[in-house]
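Peer 1: This is structure07.pdb (PDB, C-alpha atoms).
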```pdb
MODEL        1
ATOM      1  CA  MET A   1      76.094  57.313  82.867
ATOM      2  CA  LYS A   2      75.481  57.744  86.582
ATOM      3  CA  LYS A   3      79.151  56.966  87.205
ATOM      4  CA  ILE A   4      80.210  59.719  84.809
ATOM      5  CA  LYS A   5      77.777  62.120  86.427
ATOM      6  CA  GLY A   6      79.254  61.372  89.838
ATOM      7  CA  ILE A   7      82.760  62.092  88.608
ATOM      8  CA  THR A   8      81.724  65.412  87.097
ATOM      9  CA  MET A   9      79.644  66.643  89.992
ATOM     10  CA  ALA A  10      82.457  65.961  92.398
ATOM     11  CA  VAL A  11      84.413  68.656  90.591
ATOM     12  CA  LEU A  12      81.559  71.129  90.944
ATOM     13  CA  ALA A  13      80.769  70.227  94.512
ATOM     14  CA  GLY A  14      84.327  70.958  95.525
ATOM     15  CA  VAL A  15      84.083  74.531  94.299
ATOM     16  CA  LEU A  16      80.944  75.065  96.351
ATOM     17  CA  ALA A  17      82.292  73.487  99.520
ATOM     18  CA  VAL A  18      84.224  76.388 101.041
ATOM     19  CA  LEU A  19      82.052  78.774 103.035
ATOM     20  CA  LEU A  20      83.283  82.304 102.467
ATOM     21  CA  THR A  21      83.061  84.330 105.655
ATOM     22  CA  ALA A  22      84.652  87.620 106.684
ATOM     23  CA  CYS A  23      83.926  90.525 108.982
ATOM     24  CA  GLY A  24      85.434  93.808 110.067
ATOM     25  CA  SER A  25      85.112  97.486 109.236
ATOM     26  CA  SER A  26      87.761  97.525 106.464
ATOM     27  CA  PHE A  27      86.053  94.948 104.275
ATOM     28  CA  ASP A  28      87.464  94.679 100.749
ATOM     29  CA  ALA A  29      84.831  92.873  98.659
ATOM     30  CA  GLY A  30      87.114  92.260  95.684
ATOM     31  CA  LYS A  31      89.986  90.879  97.705
ATOM     32  CA  TYR A  32      87.549  88.820  99.759
ATOM     33  CA  MET A  33      86.029  87.221  96.673
ATOM     34  CA  GLN A  34      89.350  86.538  94.974
ATOM     35  CA  ALA A  35      90.840  85.064  98.150
ATOM     36  CA  GLY A  36      87.857  82.811  98.761
ATOM     37  CA  LEU A  37      87.943  81.457  95.230
ATOM     38  CA  ASP A  38      91.700  80.926  95.344
ATOM     39  CA  ALA A  39      91.375  78.968  98.585
ATOM     40  CA  ALA A  40      88.506  76.812  97.354
ATOM     41  CA  ILE A  41      89.723  76.208  93.821
ATOM     42  CA  ARG A  42      93.511  76.361  93.865
ATOM     43  CA  GLY A  43      94.438  75.692  97.455
ATOM     44  CA  GLU A  44      96.115  79.100  97.811
ATOM     45  CA  PHE A  45      95.524  80.342 101.334
ATOM     46  CA  THR A  46      97.637  83.459 102.064
ATOM     47  CA  ASP A  47      95.000  86.134 101.411
ATOM     48  CA  TYR A  48      92.168  83.918 102.629
ATOM     49  CA  VAL A  49      93.894  83.467 105.993
ATOM     50  CA  GLU A  50      94.480  87.215 106.289
ATOM     51  CA  ILE A  51      90.851  88.103 105.580
ATOM     52  CA  THR A  52      89.078  85.415 107.589
ATOM     53  CA  GLY A  53      91.461  85.298 110.531
ATOM     54  CA  ILE A  54      91.701  81.518 110.480
ATOM     55  CA  THR A  55      95.048  79.718 110.548
ATOM     56  CA  GLU A  56      96.708  78.322 107.454
ATOM     57  CA  GLU A  57      96.237  74.849 108.909
ATOM     58  CA  GLU A  58      92.484  75.475 109.181
ATOM     59  CA  ALA A  59      92.353  76.807 105.621
ATOM     60  CA  GLU A  60      94.255  73.792 104.361
ATOM     61  CA  GLN A  61      91.874  71.526 106.229
ATOM     62  CA  GLU A  62      88.923  73.200 104.477
ATOM     63  CA  TYR A  63      90.582  72.640 101.121
ATOM     64  CA  ASN A  64      91.358  69.019 101.920
ATOM     65  CA  GLU A  65      87.721  68.543 102.879
ATOM     66  CA  ILE A  66      86.851  69.616  99.336
ATOM     67  CA  LEU A  67      89.092  66.895  97.965
ATOM     68  CA  ASP A  68      87.812  64.428 100.548
ATOM     69  CA  SER A  69      84.215  65.119  99.537
ATOM     70  CA  PHE A  70      85.198  64.230  95.996
ATOM     71  CA  THR A  71      86.777  60.973  97.167
ATOM     72  CA  GLU A  72      83.642  60.138  99.142
ATOM     73  CA  GLN A  73      81.551  60.463  95.993
ATOM     74  CA  MET A  74      83.977  58.250  94.130
ATOM     75  CA  ASN A  75      83.744  55.677  96.923
ATOM     76  CA  GLU A  76      80.017  55.497  96.268
ATOM     77  CA  LEU A  77      80.810  54.353  92.748
ATOM     78  CA  GLY A  78      82.614  51.333  94.153
ATOM     79  CA  LEU A  79      86.059  52.178  92.785
ATOM     80  CA  SER A  80      89.249  51.028  94.467
ATOM     81  CA  ASP A  81      91.125  53.271  96.905
ATOM     82  CA  GLU A  82      93.993  53.514  94.445
ATOM     83  CA  LEU A  83      91.752  54.713  91.621
ATOM     84  CA  ASN A  84      89.921  57.098  93.950
ATOM     85  CA  GLU A  85      93.259  58.700  94.823
ATOM     86  CA  LYS A  86      94.059  59.099  91.124
ATOM     87  CA  TYR A  87      90.807  60.966  90.595
ATOM     88  CA  ARG A  88      91.443  63.101  93.678
ATOM     89  CA  THR A  89      94.769  64.215  92.243
ATOM     90  CA  PHE A  90      93.236  64.770  88.804
ATOM     91  CA  PHE A  91      90.493  66.913  90.298
ATOM     92  CA  ALA A  92      92.985  69.100  92.202
ATOM     93  CA  ASP A  93      95.221  69.492  89.149
ATOM     94  CA  LEU A  94      92.296  70.380  86.891
ATOM     95  CA  LEU A  95      91.028  73.097  89.219
ATOM     96  CA  LYS A  96      94.506  74.621  89.384
ATOM     97  CA  LYS A  97      94.319  75.172  85.625
ATOM     98  CA  THR A  98      91.167  77.297  85.820
ATOM     99  CA  LYS A  99      91.326  80.995  84.948
ATOM    100  CA  TYR A 100      89.210  83.548  86.796
ATOM    101  CA  GLU A 101      89.680  87.098  88.013
ATOM    102  CA  VAL A 102      87.628  89.599  90.009
ATOM    103  CA  LYS A 103      87.045  92.579  87.723
ATOM    104  CA  ASP A 104      84.477  95.041  89.017
ATOM    105  CA  ILE A 105      82.939  95.734  92.423
ATOM    106  CA  ARG A 106      79.963  97.982  93.082
ATOM    107  CA  SER A 107      77.306  98.486  95.722
ATOM    108  CA  GLY A 108      74.464  95.974  95.604
ATOM    109  CA  GLU A 109      70.748  96.589  95.919
ATOM    110  CA  GLU A 110      70.698  95.559  99.574
ATOM    111  CA  LYS A 111      72.316  97.980 102.001
ATOM    112  CA  GLY A 112      75.899  96.971 102.753
ATOM    113  CA  SER A 113      76.025  94.387  99.959
ATOM    114  CA  TYR A 114      78.341  94.257  96.960
ATOM    115  CA  ASP A 115      77.939  93.010  93.413
ATOM    116  CA  VAL A 116      81.173  91.490  92.150
ATOM    117  CA  ASP A 117      81.917  90.709  88.507
ATOM    118  CA  ILE A 118      84.153  87.680  87.998
ATOM    119  CA  GLU A 119      85.694  87.147  84.577
ATOM    120  CA  ILE A 120      86.154  83.483  83.744
ATOM    121  CA  GLN A 121      87.888  81.778  80.844
ATOM    122  CA  PRO A 122      86.490  78.240  80.951
ATOM    123  CA  VAL A 123      88.872  75.305  80.670
ATOM    124  CA  THR A 124      88.052  73.453  77.465
ATOM    125  CA  GLY A 125      89.240  70.311  75.743
ATOM    126  CA  VAL A 126      89.123  67.963  78.733
ATOM    127  CA  PHE A 127      85.592  66.586  78.579
ATOM    128  CA  ASP A 128      85.046  67.165  74.855
ATOM    129  CA  GLY A 129      84.250  63.899  73.101
ATOM    130  CA  LEU A 130      84.482  61.890  76.319
ATOM    131  CA  MET A 131      81.413  59.797  75.622
ATOM    132  CA  ASP A 132      82.510  58.965  72.064
ATOM    133  CA  GLU A 133      85.976  57.937  73.248
ATOM    134  CA  LEU A 134      84.505  55.874  76.058
ATOM    135  CA  ASN A 135      82.092  54.143  73.714
ATOM    136  CA  ASP A 136      84.983  53.186  71.452
ATOM    137  CA  VAL A 137      86.929  51.478  74.235
ATOM    138  CA  VAL A 138      83.742  49.836  75.518
ATOM    139  CA  ASP A 139      83.168  48.283  72.103
ATOM    140  CA  GLU A 140      86.725  46.927  72.089
ATOM    141  CA  TYR A 141      86.331  45.604  75.628
ATOM    142  CA  ILE A 142      83.118  43.790  74.755
ATOM    143  CA  GLU A 143      84.874  42.078  71.870
ATOM    144  CA  GLU A 144      87.669  40.976  74.214
ATOM    145  CA  ILE A 145      85.148  39.579  76.696
ATOM    146  CA  LEU A 146      83.267  37.685  74.003
ATOM    147  CA  GLY A 147      86.524  36.319  72.648
ATOM    148  CA  SER A 148      87.802  35.137  76.029
ATOM    149  CA  GLY A 149      84.501  33.737  77.251
ATOM    150  CA  GLU A 150      85.235  35.092  80.738
ATOM    151  CA  ILE A 151      82.544  37.368  82.111
ATOM    152  CA  PRO A 152      83.897  39.980  84.567
ATOM    153  CA  THR A 153      82.121  40.689  87.836
ATOM    154  CA  GLU A 154      80.195  43.901  88.404
ATOM    155  CA  GLU A 155      83.066  45.184  90.579
ATOM    156  CA  GLU A 156      85.578  44.434  87.834
ATOM    157  CA  LEU A 157      83.423  46.214  85.254
ATOM    158  CA  THR A 158      83.091  49.259  87.484
ATOM    159  CA  GLU A 159      86.841  49.441  88.090
ATOM    160  CA  TRP A 160      87.539  48.982  84.393
ATOM    161  CA  ALA A 161      85.143  51.765  83.413
ATOM    162  CA  GLY A 162      86.636  54.071  86.042
ATOM    163  CA  GLU A 163      90.140  53.383  84.760
ATOM    164  CA  GLN A 164      89.114  54.132  81.176
ATOM    165  CA  VAL A 165      87.493  57.438  82.060
ATOM    166  CA  TYR A 166      90.520  58.415  84.137
ATOM    167  CA  ALA A 167      92.896  57.522  81.299
ATOM    168  CA  ILE A 168      90.905  59.577  78.791
ATOM    169  CA  LEU A 169      90.638  62.647  81.042
ATOM    170  CA  SER A 170      94.157  62.641  82.468
ATOM    171  CA  ALA A 171      95.682  62.364  78.991
ATOM    172  CA  LYS A 172      94.139  65.750  78.168
ATOM    173  CA  LEU A 173      95.192  67.531  81.345
ATOM    174  CA  ASP A 174      98.553  68.806  80.087
ATOM    175  CA  ASP A 175      97.077  70.273  76.908
ATOM    176  CA  VAL A 176      93.985  72.162  78.027
ATOM    177  CA  SER A 177      92.676  75.153  76.129
ATOM    178  CA  TYR A 178      90.463  78.052  77.174
ATOM    179  CA  GLY A 179      87.210  79.466  75.877
ATOM    180  CA  ASP A 180      86.178  83.075  75.483
ATOM    181  CA  ALA A 181      86.010  85.106  78.674
ATOM    182  CA  GLU A 182      82.589  85.274  80.327
ATOM    183  CA  THR A 183      81.451  87.373  83.269
ATOM    184  CA  VAL A 184      79.499  86.050  86.244
ATOM    185  CA  THR A 185      78.131  88.468  88.834
ATOM    186  CA  VAL A 186      77.868  87.347  92.457
ATOM    187  CA  THR A 187      76.495  89.219  95.441
ATOM    188  CA  ILE A 188      78.279  89.459  98.766
ATOM    189  CA  ALA A 189      75.967  90.318 101.663
ATOM    190  CA  LYS A 190      75.906  90.014 105.430
ATOM    191  CA  ASP A 191      73.998  87.151 106.981
ATOM    192  CA  ASP A 192      72.054  87.282 110.256
ATOM    193  CA  SER A 193      75.272  86.937 112.251
ATOM    194  CA  GLY A 194      76.873  89.904 110.536
ATOM    195  CA  GLU A 195      79.320  87.876 108.444
ATOM    196  CA  TYR A 196      79.744  88.423 104.723
ATOM    197  CA  THR A 197      78.682  85.441 102.649
ATOM    198  CA  VAL A 198      78.025  84.415  99.058
ATOM    199  CA  SER A 199      75.027  82.244  98.240
ATOM    200  CA  ASP A 200      75.424  78.697  96.979
ATOM    201  CA  ASP A 201      73.440  79.685  93.880
ATOM    202  CA  ASP A 202      75.988  82.361  92.988
ATOM    203  CA  LEU A 203      78.908  80.044  93.658
ATOM    204  CA  GLY A 204      77.191  77.369  91.591
ATOM    205  CA  ALA A 205      76.971  79.790  88.676
ATOM    206  CA  VAL A 206      80.718  80.388  88.962
ATOM    207  CA  ALA A 207      81.407  76.655  89.193
ATOM    208  CA  LEU A 208      79.494  75.863  86.014
ATOM    209  CA  LYS A 209      81.584  78.386  84.064
ATOM    210  CA  LEU A 210      85.024  77.283  85.270
ATOM    211  CA  ILE A 211      85.207  74.113  83.195
ATOM    212  CA  ASP A 212      83.488  73.300  79.925
ATOM    213  CA  LEU A 213      81.922  69.921  80.686
ATOM    214  CA  GLY A 214      81.055  69.117  77.091
ATOM    215  CA  ASP A 215      78.650  66.180  76.925
ATOM    216  CA  LEU A 216      78.255  66.227  80.703
ATOM    217  CA  LYS A 217      76.981  69.785  81.124
ATOM    218  CA  GLU A 218      73.343  68.688  81.278
ATOM    219  CA  TYR A 219      74.098  66.245  84.090
ATOM    220  CA  ALA A 220      76.040  68.867  86.019
ATOM    221  CA  GLU A 221      73.165  71.331  85.835
ATOM    222  CA  ASP A 222      70.668  68.698  86.965
ATOM    223  CA  ALA A 223      72.865  67.722  89.903
ATOM    224  CA  LEU A 224      73.214  71.337  91.025
ATOM    225  CA  GLU A 225      69.434  71.719  90.897
ATOM    226  CA  ASP A 226      69.037  68.560  92.990
ATOM    227  CA  ALA A 227      71.536  69.865  95.532
ATOM    228  CA  ALA A 228      69.624  73.138  95.858
ATOM    229  CA  GLU A 229      66.318  71.393  96.643
TER     230      GLU A 229
ENDMDL
END
```
Represent the structure of the file as C-alpha cells.

Peer 2:
Amino acid sequence: MKKIKGITMAVLAGVLAVLLTACGSSFDAGKYMQAGLDAAIRGEFTDYVEITGITEEEAEQEYNEILDSFTEQMNELGLSDELNEKYRTFFADLLKKTKYEVKDIRSGEEKGSYDVDIEIQPVTGVFDGLMDELNDVVDEYIEEILGSGEIPTEEELTEWAGEQVYAILSAKLDDVSYGDAETVTVTIAKDDSGEYTVSDDDLGAVALKLIDLGDLKEYAEDALEDAAE
C-alpha cells in the first residue's frame, strides 16, 4: 500500500512544485493563474514566460524538476530506472489530460489580493478499481509462485508489483472520462518581497480536484497533510 501511495502522491506533488511568482503594475490575476497552472501541469510555457520574465529554458527546467521529483519518489520504492521512466511519462501524459479553467476574478479580503475561481472537471476512470484489479493479479501471481516453487527476491517482488500497477493505469490512459465540473477558489496575494504568490494549501486543493484518485484519495489527503506539517 505504501508503494501505491508513493505513486499517487508523486502526481500531486508535481502540481504543487512550481512556485508562481509575478510582479509589475499591470498584473492580470486571471492570466497569471492560468499561465502558472499550464506551466506546472501541462508543460505549456508561453504565457508563463511572458508574465514571470523568465526564459523558456528556465520554465522548462522548472517543469522537468516536477517530473524529476516524481522519479525521485519512485526511486525510493526501489523500482528499476526503466520502470521509473515509464511512470514519469505516464505522469506527464495524465496531467496533460486534465481540464481546468480560470473563471472568475475578484478582489480578495486583503488589500491588493485577488480571489480566483478555477473550474475543474476531474479526470476519472484511471484509478477506479485499481486495488481490486491489483488484488486479482496478485492472487494469480501467488499461484504461479507456489506452482513453480521458486520464491522471488524482495527486489523482484517490488519490480513485479510496480509493473502491474503501471500496466493497469496506462491501459486506461487513452480512455479517460471526466466528472462534473467543480469550482476551487484560490487567493493570490503579495508576499513580503512584493511578489504575487499562491499558497501551497490553495494549490493542494486544486491538485486534489484534478484527478479522481478513487481508492487512493484517502492516502493522497493524508500525504498532503503530512507535507504541510

Peer 1: Would you kindly translate the PyMOL selection byres ((chain A and resi 158-166) around 8) into the concrete residues it picks from this file, as a ChimeraX atom specification?

Peer 2: /A:77-80,83,86-87,130,134,137,154-157,167-170

Peer 1: Looking at all atoms listed in the file, which of A:Ala205, A:Gly194, A:Ile188, A:Pro152 is the one that sits closest to A:Glu109?

Peer 2: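 Smallest distance to A:Glu109 is found for A:Ile188.
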
Peer 1: Check which residues satisfy the PyMOL selection byres ((chain A and resi 209) around 8) in the file shown, then give them as a list in words.

Peer 2: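 Going through the file, the PyMOL selection byres ((chain A and resi 209) around 8) ends up selecting Ile120, Gln121, Pro122, Glu182, Ala205, Val206, Ala207, Leu208, Leu210, Ile211 and Asp212 of chain A.
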
Peer 1: Using all atoms listed in the file, find the one residue out of A:Tyr178, A:Tyr114, A:Tyr141, A:Phe90 that sits nearest to A:Tyr196.

Peer 2: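 The closest residue to A:Tyr196 is A:Tyr114.
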
Peer 1: What separation in Å, quoted to one decimal, exists between atom CA of A:Asp132 and atom CA of A:Gly214?

Peer 2: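 Separating atom CA of A:Asp132 from atom CA of A:Gly214 is a distance of 11.4 Å.
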
Peer 1: Report as a PDB file with C-alpha atoms, keeping the file's coordinate frame all protein, DNA and RNA residues lying within 12 Å of A:Thr187, evaluated on only C-alpha atoms, omitting residues in the same chain fewer than 6 positions from it.

Peer 2:
```pdb
ATOM      1  CA  LEU A  20      83.283  82.304 102.467  1.00  0.00           C
ATOM      2  CA  ALA A  29      84.831  92.873  98.659  1.00  0.00           C
ATOM      3  CA  GLY A  30      87.114  92.260  95.684  1.00  0.00           C
ATOM      4  CA  TYR A  32      87.549  88.820  99.759  1.00  0.00           C
ATOM      5  CA  MET A  33      86.029  87.221  96.673  1.00  0.00           C
ATOM      6  CA  ASP A 104      84.477  95.041  89.017  1.00  0.00           C
ATOM      7  CA  ILE A 105      82.939  95.734  92.423  1.00  0.00           C
ATOM      8  CA  ARG A 106      79.963  97.982  93.082  1.00  0.00           C
ATOM      9  CA  SER A 107      77.306  98.486  95.722  1.00  0.00           C
ATOM     10  CA  GLY A 108      74.464  95.974  95.604  1.00  0.00           C
ATOM     11  CA  GLU A 109      70.748  96.589  95.919  1.00  0.00           C
ATOM     12  CA  GLU A 110      70.698  95.559  99.574  1.00  0.00           C
ATOM     13  CA  LYS A 111      72.316  97.980 102.001  1.00  0.00           C
ATOM     14  CA  GLY A 112      75.899  96.971 102.753  1.00  0.00           C
ATOM     15  CA  SER A 113      76.025  94.387  99.959  1.00  0.00           C
ATOM     16  CA  TYR A 114      78.341  94.257  96.960  1.00  0.00           C
ATOM     17  CA  ASP A 115      77.939  93.010  93.413  1.00  0.00           C
ATOM     18  CA  VAL A 116      81.173  91.490  92.150  1.00  0.00           C
ATOM     19  CA  ASP A 117      81.917  90.709  88.507  1.00  0.00           C
ATOM     20  CA  ILE A 118      84.153  87.680  87.998  1.00  0.00           C
ATOM     21  CA  TYR A 196      79.744  88.423 104.723  1.00  0.00           C
ATOM     22  CA  THR A 197      78.682  85.441 102.649  1.00  0.00           C
ATOM     23  CA  VAL A 198      78.025  84.415  99.058  1.00  0.00           C
ATOM     24  CA  SER A 199      75.027  82.244  98.240  1.00  0.00           C
ATOM     25  CA  ASP A 200      75.424  78.697  96.979  1.00  0.00           C
ATOM     26  CA  ASP A 201      73.440  79.685  93.880  1.00  0.00           C
ATOM     27  CA  ASP A 202      75.988  82.361  92.988  1.00  0.00           C
ATOM     28  CA  LEU A 203      78.908  80.044  93.658  1.00  0.00           C
ATOM     29  CA  ALA A 205      76.971  79.790  88.676  1.00  0.00           C
ATOM     30  CA  VAL A 206      80.718  80.388  88.962  1.00  0.00           C
TER      31      VAL A 206
END
```

Peer 1: From the set A:Ala171, A:Phe27, A:Tyr48, A:Met74, which residue has the shortest atom-to-atom contact distance to A:Ala189, counting all atoms listed in the file?

Peer 2: A:Phe27

Peer 1: Kindly give the distance, in Å, that separates atom CA of A:Phe45 and atom CA of A:Glu60, rounded to a single decimal.

Peer 2: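 Result for atom CA of A:Phe45 versus atom CA of A:Glu60: 7.3 Å, one decimal.
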
Peer 1: Expanded to explicit residues, what is the PyMOL selection byres ((chain A and resi 125) around 8) for this file, as a list in words?

Peer 2: Val123, Thr124, Val126, Phe127, Asp128, Lys172, Asp175, Val176, Ser177, Tyr178 and Asp212 of chain A

Peer 1: Kindly give the distance, in Å, that separates atom CA of A:Glu143 and atom CA of A:Glu82, rounded to a single decimal.

Peer 2: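 About the pair atom CA of A:Glu143 and atom CA of A:Glu82: they are 26.9 Å apart.
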
Peer 1: Quick one: of A:Asp93, A:Asp68, A:Asp28, A:Glu44, who's nearest to A:Asp174, counting all atoms listed in the file?

Peer 2: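 The closest residue to A:Asp174 is A:Asp93.
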
Peer 1: Would you place a box with edges along x, y and z of the file around all atoms of stretch 185-204 of chain A listed there, add 4 Å to each of its six sides, and report the centre and edge lengths in Å to one decimal, as JSON?

Peer 2:
```
{"center_x": 75.9, "center_y": 83.8, "center_z": 100.5, "size_x": 15.7, "size_y": 20.9, "size_z": 31.4}
```

Peer 1: Which residues are close to A:Asp38, i.e. within 12 Å by all atoms listed in the file, leaving aside same-chain residues fewer than 3 positions away? Reply as an MDAnalysis selection string.

Peer 2: chainID A and resid 15 18 20 31:35 41:49 59:60 63 95:102

Peer 1: Please rebuild stretch 146-164 of chain A with N, CA, C and O atoms and give the result as a short mmCIF file (atom, residue, chain, number, x, y, z; two decimals), keeping the file's coordinate frame.

Peer 2:
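Below is the file that was written, rebuild_11.cif:
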```cif
data_model
loop_
_atom_site.label_atom_id
_atom_site.label_comp_id
_atom_site.auth_asym_id
_atom_site.auth_seq_id
_atom_site.Cartn_x
_atom_site.Cartn_y
_atom_site.Cartn_z
N LEU A 146 83.91 38.73 74.80
CA LEU A 146 83.27 37.68 74.00
C LEU A 146 84.30 36.69 73.49
O LEU A 146 84.03 35.48 73.40
N GLY A 147 85.49 37.20 73.16
CA GLY A 147 86.52 36.32 72.65
C GLY A 147 87.11 35.41 73.72
O GLY A 147 87.44 34.25 73.44
N SER A 148 87.21 35.93 74.95
CA SER A 148 87.80 35.14 76.03
C SER A 148 86.80 34.18 76.66
O SER A 148 87.18 33.15 77.22
N GLY A 149 85.53 34.56 76.62
CA GLY A 149 84.50 33.74 77.25
C GLY A 149 84.43 33.91 78.76
O GLY A 149 83.66 33.23 79.43
N GLU A 150 85.24 34.83 79.30
CA GLU A 150 85.24 35.09 80.74
C GLU A 150 84.45 36.38 81.03
O GLU A 150 84.80 37.45 80.54
N ILE A 151 83.40 36.23 81.79
CA ILE A 151 82.54 37.37 82.11
C ILE A 151 83.04 38.03 83.40
O ILE A 151 83.07 37.38 84.46
N PRO A 152 83.42 39.31 83.35
CA PRO A 152 83.90 39.98 84.57
C PRO A 152 82.76 40.22 85.55
O PRO A 152 81.58 40.29 85.16
N THR A 153 83.11 40.38 86.82
CA THR A 153 82.12 40.69 87.84
C THR A 153 81.71 42.15 87.71
O THR A 153 82.35 42.94 87.02
N GLU A 154 80.64 42.50 88.42
CA GLU A 154 80.19 43.90 88.40
C GLU A 154 81.29 44.82 88.95
O GLU A 154 81.50 45.92 88.43
N GLU A 155 81.99 44.38 90.00
CA GLU A 155 83.07 45.18 90.58
C GLU A 155 84.19 45.38 89.57
O GLU A 155 84.75 46.49 89.45
N GLU A 156 84.52 44.34 88.84
CA GLU A 156 85.58 44.43 87.83
C GLU A 156 85.17 45.37 86.70
O GLU A 156 86.00 46.15 86.21
N LEU A 157 83.91 45.31 86.30
CA LEU A 157 83.42 46.21 85.25
C LEU A 157 83.47 47.67 85.70
O LEU A 157 83.85 48.56 84.94
N THR A 158 83.08 47.90 86.95
CA THR A 158 83.09 49.26 87.48
C THR A 158 84.51 49.81 87.52
O THR A 158 84.76 50.95 87.12
N GLU A 159 85.45 49.01 88.01
CA GLU A 159 86.84 49.44 88.09
C GLU A 159 87.40 49.68 86.68
O GLU A 159 88.12 50.67 86.45
N TRP A 160 87.06 48.81 85.77
CA TRP A 160 87.54 48.98 84.39
C TRP A 160 87.02 50.28 83.80
O TRP A 160 87.78 51.06 83.20
N ALA A 161 85.73 50.53 83.96
CA ALA A 161 85.14 51.76 83.41
C ALA A 161 85.78 53.00 84.04
O ALA A 161 86.09 53.98 83.36
N GLY A 162 86.00 52.95 85.36
CA GLY A 162 86.64 54.07 86.04
C GLY A 162 88.04 54.32 85.54
O GLY A 162 88.46 55.47 85.38
N GLU A 163 88.78 53.26 85.28
CA GLU A 163 90.14 53.38 84.76
C GLU A 163 90.13 54.00 83.36
O GLU A 163 91.01 54.82 83.04
N GLN A 164 89.17 53.60 82.54
CA GLN A 164 89.11 54.13 81.18
C GLN A 164 88.80 55.62 81.17
O GLN A 164 89.42 56.39 80.43
#
```
